[in-house]
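So this block is run.txt, compact mmCIF, C-alpha atoms:
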# COMPACT_ATOMS: atom_id res chain seq x y z
CA MET A 1 0.00 0.00 0.00
CA VAL A 2 1.32 3.46 -0.92
CA ASP A 3 0.73 6.47 1.33
CA PRO A 4 -1.37 9.29 -0.19
CA LYS A 5 1.67 11.53 -0.59
CA ASN A 6 3.38 8.85 -2.75
CA LEU A 7 6.48 8.94 -0.54
CA LEU A 8 6.26 5.61 1.30
CA LEU A 9 5.21 2.07 0.45
CA PHE A 10 4.04 -0.32 3.20
CA ALA A 11 4.01 -4.12 2.92
CA LEU A 12 3.08 -6.90 5.35
CA GLY A 13 5.27 -9.99 5.26
CA ARG A 14 6.33 -13.07 7.18
CA SER A 15 9.77 -14.49 7.90
CA THR A 16 11.28 -16.99 10.31
CA GLY A 17 11.24 -14.31 13.03
CA GLY A 18 7.52 -13.66 12.66
CA GLN A 19 5.46 -11.08 10.80
CA LYS A 20 6.89 -7.76 9.71
CA LEU A 21 5.69 -4.42 8.43
CA SER A 22 8.20 -3.20 5.85
CA VAL A 23 8.41 0.48 4.94
CA PHE A 24 10.10 1.69 1.78
CA VAL A 25 10.93 5.23 0.63
CA ILE A 26 9.79 5.84 -2.96
CA ASP A 27 12.14 7.81 -5.22
CA PRO A 28 9.84 10.43 -6.84
CA ASP A 29 11.74 10.36 -10.15
CA SER A 30 12.45 6.68 -10.74
CA GLY A 31 9.96 4.94 -8.43
CA ALA A 32 12.85 2.94 -6.95
CA LEU A 33 12.38 1.69 -3.40
CA THR A 34 14.86 1.88 -0.53
CA PRO A 35 14.18 0.59 3.00
CA ALA A 36 13.10 3.34 5.40
CA PRO A 37 15.01 3.81 8.68
CA GLY A 38 13.94 1.18 11.21
CA SER A 39 12.31 -1.02 8.57
CA PRO A 40 11.11 -3.68 8.81
CA VAL A 41 9.12 -3.33 12.01
CA GLY A 42 8.82 -6.68 13.79
CA LEU A 43 5.23 -7.58 14.61
CA GLY A 44 5.91 -10.88 16.37
CA SER A 45 4.71 -14.38 15.65
CA ALA A 46 1.94 -14.84 18.23
CA PHE A 47 -0.79 -13.50 15.94
CA THR A 48 -1.80 -13.11 12.31
CA ALA A 49 -1.81 -9.75 10.52
CA TYR A 50 -4.68 -9.53 8.04
CA SER A 51 -4.64 -6.03 6.59
CA LEU A 52 -3.17 -2.57 6.73
CA SER A 53 -4.60 0.87 6.10
CA VAL A 54 -3.00 4.29 5.80
CA ASP A 55 -5.17 7.28 6.61
CA PRO A 56 -5.82 9.50 3.55
CA GLN A 57 -3.89 12.39 5.08
CA GLY A 58 -0.81 10.18 5.36
CA ARG A 59 -0.38 10.56 9.12
CA PHE A 60 -1.07 7.09 10.51
CA VAL A 61 -0.75 3.40 9.60
CA TYR A 62 -2.95 0.71 11.16
CA VAL A 63 -2.64 -3.08 10.95
CA GLY A 64 -5.60 -5.36 11.69
CA THR A 65 -4.66 -8.65 13.33
CA GLN A 66 -6.12 -11.67 15.02
CA GLY A 67 -4.37 -12.15 18.33
CA ALA A 68 -2.98 -8.65 18.88
CA GLY A 69 -5.83 -6.23 18.17
CA ILE A 70 -5.31 -3.17 15.97
CA LEU A 71 -1.72 -1.94 15.83
CA GLY A 72 -1.06 1.73 15.08
CA TRP A 73 1.88 3.97 14.12
CA ARG A 74 2.33 7.65 13.39
CA ILE A 75 4.27 8.39 10.21
CA ASP A 76 7.28 10.58 10.99
CA ARG A 77 7.68 12.39 7.65
CA SER A 78 10.98 14.06 8.49
CA GLY A 79 12.66 10.80 9.53
CA ARG A 80 10.62 8.63 7.16
CA ARG A 81 10.00 6.15 9.96
CA LEU A 82 7.12 4.79 12.03
CA VAL A 83 6.51 5.79 15.66
CA PRO A 84 4.13 3.59 17.71
CA VAL A 85 0.81 5.25 18.61
CA GLN A 86 0.48 5.47 22.38
CA GLY A 87 -1.88 2.81 23.71
CA SER A 88 -1.47 0.52 20.68
CA PRO A 89 -2.79 -2.15 20.26
CA PHE A 90 -6.47 -1.20 20.35
CA GLY A 91 -9.69 -3.20 20.49
CA ASP A 92 -10.24 -6.84 21.41
CA LYS A 93 -6.96 -8.63 20.91
CA ASN A 94 -8.65 -11.73 19.48
CA LEU A 95 -11.23 -10.29 17.13
CA PRO A 96 -10.19 -7.65 14.55
CA TYR A 97 -9.55 -8.95 11.07
CA THR A 98 -9.38 -6.09 8.62
CA VAL A 99 -9.14 -2.32 8.92
CA THR A 100 -9.90 0.68 6.71
CA VAL A 101 -9.85 4.43 7.36
CA ASP A 102 -12.54 6.75 5.96
CA SER A 103 -11.69 9.48 3.43
CA ALA A 104 -11.80 12.22 6.08
CA SER A 105 -9.29 10.36 8.31
CA THR A 106 -11.86 10.58 11.12
CA PHE A 107 -12.92 6.95 11.60
CA LEU A 108 -11.39 3.50 11.34
CA TYR A 109 -13.72 0.58 10.61
CA THR A 110 -12.88 -3.04 11.34
CA THR A 111 -14.52 -6.37 10.75
CA GLU A 112 -14.07 -9.10 13.31
CA SER A 113 -14.19 -12.88 13.34
CA THR A 114 -17.55 -12.99 15.12
CA ASN A 115 -19.30 -11.27 12.17
CA GLY A 116 -19.16 -7.87 13.84
CA ILE A 117 -18.22 -4.43 12.55
CA GLU A 118 -16.70 -1.83 14.87
CA THR A 119 -16.16 1.92 14.46
CA PHE A 120 -13.22 3.70 16.10
CA ALA A 121 -12.67 7.48 16.19
CA ILE A 122 -9.13 8.53 15.24
CA ASP A 123 -7.54 11.28 17.32
CA SER A 124 -6.22 13.61 14.59
CA GLU A 125 -3.12 14.59 16.59
CA SER A 126 -2.02 11.31 18.18
CA GLY A 127 -3.65 8.57 16.11
CA VAL A 128 -5.13 7.00 19.26
CA LEU A 129 -8.27 4.97 18.53
CA LYS A 130 -11.43 5.16 20.65
CA LEU A 131 -14.32 2.72 20.16
CA VAL A 132 -17.44 4.76 19.33
CA ASN A 133 -19.81 2.19 17.90
CA GLY A 134 -20.14 -1.53 17.87
CA PRO A 135 -19.62 -4.14 17.54
CA PHE A 136 -22.60 -4.35 15.24
CA TYR A 137 -23.33 -8.04 14.78
CA VAL A 138 -25.05 -9.71 11.89
CA PRO A 139 -27.31 -12.51 13.17
CA HIS A 140 -25.76 -15.93 12.59
CA SER A 141 -28.77 -17.04 10.52
CA ALA A 142 -27.90 -14.22 8.10
CA SER A 143 -24.15 -14.47 8.61
CA LEU A 144 -22.06 -12.97 5.85
CA GLY A 145 -18.76 -14.10 7.32
CA PHE A 146 -17.13 -10.64 7.25
CA HIS A 147 -13.48 -10.78 6.26
CA HIS A 148 -12.95 -7.38 4.65
CA VAL A 149 -14.26 -3.84 4.97
CA SER A 150 -13.95 -1.08 2.38
CA ILE A 151 -15.24 2.46 1.99
CA GLU A 152 -16.31 3.86 -1.36
Take the structure in the file and write it out as structure tokens.
Amino acid sequence: MVDPKNLLLFALGRSTGGQKLSVFVIDPDSGALTPAPGSPVGLGSAFTAYSLSVDPQGRFVYVGTQGAGILGWRIDRSGRRLVPVQGSPFGDKNLPYTVTVDSASTFLYTTESTNGIETFAIDSESGVLKLVNGPFYVPHSASLGFHHVSIE
């Protein structure tokens, strides 16, 4: 995933040491990638990372997991590195699957393994998430098996 300012590329990956979030600086002329300082960020091996989302203003990165909740970082533009958001991880550590941020960078939405959808408010200065709605559950008889959320 590329940040909205086309300066950084983010990629989730797995290695023998566990899951990682790699950050690459994009050369504006050639498109060539170079690892950003501090990249990759080790995420551990005790959970599964399912998705990542960058807010449209290019300030924060969030990773939805099962087993660790929602992980968050602030993008340090001057150092081209990630700084953990205070209080991260957020939400129920066993439930979030996927995450997406709305176009105004105000809310983060997540689907969870129990067919629920949650809404978190994003603090515009710190990136801290606060649950404001949910989980909204779909009855099991009408279960859609949510595994992805997207905003159009």
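With atom CA of A:Trp73 on one side and atom CA of A:Asn115 on the other, the separation reads 26.2 Å.
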Give me the residues within 8 Å of A:Gly18 as a ChimeraX atom specification, counting only C-alpha atoms and dropping any in the same chain fewer than 4 places off. /A:14,42-46
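Put simply, atom CA of A:Lys130 is 28.9 Å away from atom CA of A:Ala36.
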Answer as a ChimeraX atom specification, residues within 6 Å of (2.7, 4.3, 10.5) using all atoms listed in the file: /A:60-61,73-75,82
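The residue that comes closest to A:Gly69, out of A:Tyr97, A:Phe10, A:Tyr109, A:Phe120 and on the basis of all atoms listed in the file, is A:Tyr97.
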Could you give me the axis-aligned bounding box of stretch 46-52 of chain A, with 3 Å of padding per side, as centre plus edge lengths in Å to one decimal, as lines of an AutoDock Vina configuration file?
center_x = -1.4
center_y = -8.7
center_z = 12.4
size_x = 12.6
size_y = 18.3
size_z = 17.6
